[in-house]
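Okay, so here's the structure we're looking at.
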Amino acid sequence: MNIYKNLNNMLDYIENNLESEIKYSQLAKILGINEMMLQRFFSILCNMSLSEYIRKRRLSNAGVDLLNGKEKIIDVAIKYQYENATSFSRAFENFHGIKPSQVKKNQVKLKVFSKLHFEEQQEQDKNIEYEIIEREEITLYGMKTETSIEDIKIDAPKFYKEAEQKYGDADYGMTEYIDRFGEEKCYYWVLYNKLKDEKLAKYVIPKSKWLSFKINSQNPEEIQKTTKNFYLNFVPSCKYKRTSRIRILS
């Protein structure tokens with residue numbers, strides 16, 4: 001399966017339906033994964049959430065429509081799936097930096113957010129070695145910070161270093177996705193086997209089975225590369241069922 005070809009098919013579907021409801025179930029079907037994994041996959045691969053991509057494409061097209069001057073603001077708002085002119089105006093201004101009403105009155109520069117496209121012939125690193133392990137209940141102690149798929153590359157190393165300065169070398173770093181359909185927010189934990197401070201939170205991971213991937217490096221970039229490779233090459237062909245929460249423990 002060429003995952004990049006499937007991604008382009010999915011992006012074509014989005015492009016053809018910017019003026020109508022876009023069902024994530026259909027997008028997931030194109031990629032051959034479930035809806036929750038679709039959103040994780042897209043966020044990690046593209047450094048933005050799926051909903052953000054769709055929103056930016058709609059607002060980019062909306063700017064062109066208003067610049068042409070043939071449609072009313074409310075008609076453009078409804079066309080791109082906004083419930084009313086107020087919510088559309090707010091989103092439009094956040095994206096373009098001006099109100100929709102200013103487009104027709106002045107010569108203005110609007111933002112253009114282009115459709116994404118993946119090179120289908122690029123090589124994929126398909127050599128992913130893993131093992132299935134069963135672990136007893138684990139009790140850990142640590143601290144967390146709320147972050148996002150987009151910001152975790154910066155937030156995680158910074159937070160890990162701060163914890164290290166307070167409590168010494170950590171036993172684990174963990175990314176936790178709780179929301180089933182949440183796309184952007186997640187927690188990054190720094191965890192210890194022993195209680196270092198009463199201020200640290202207790203975190204209990206129940207007995208469960210894990211997919212274990214070994215990385216011979218503690219470099220954040222290498223960990224992120226493996227995570228991306230996991231979603232890009234392993235997930236689309238994975239037959240395992242996940243638990244209600246996803247935890248990436250390193």
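Ligands are numbered from 1 in the order shown, residues from 1 within each chain, and chains are lettered A, B, ... in the order they appear in the structure tokens.
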
Just the residues within 12 Å of Lys29 of chain A, please, counting only C-alpha atoms, with nothing from its chain fewer than 3 positions along; format it as a ChimeraX atom specification.
/A:6-7,9-10,13,23-26,32-38,236

Long-range neighbours of Val190 of chain A as a list in words, 7 Å cut-off, only C-alpha atoms, 6 positions minimum in chain:
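Everything that qualifies: Gly142, Met143, Lys144, Tyr160, Ala163, Ala170, Tyr172, Gly173 and Met174 of chain A.
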
Students should find that atom CA of Val108 of chain A and atom CA of Gly63 of chain A are spaced 10.4 Å

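For the pair atom CA of Asn219 of chain A and atom CA of Glu164 of chain A, the interatomic distance is 14.9 Å.
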
Using the chain letters and numbers from this document, which residues of segment 18-250 of chain A does DSSP assign to strand (DSSP E or B), as a PyMOL selection string?
chain A and resi 130-135+138-148+172-177+185-192+201-205+208-213+246-249

Go through A:Leu18, A:Leu31, A:Leu191, A:Leu66 one by one, measure the shortest atom-to-atom distance of each to Tyr53 of chain A using only C-alpha atoms, and give the residue with the smallest value.
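Comparing A:Leu18, A:Leu31, A:Leu191, A:Leu66 against Tyr53 of chain A, the winner is A:Leu18.
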
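Pairwise distance (atom CA of Lys166 of chain A, atom CA of Glu221 of chain A) equals 23.3 Å.
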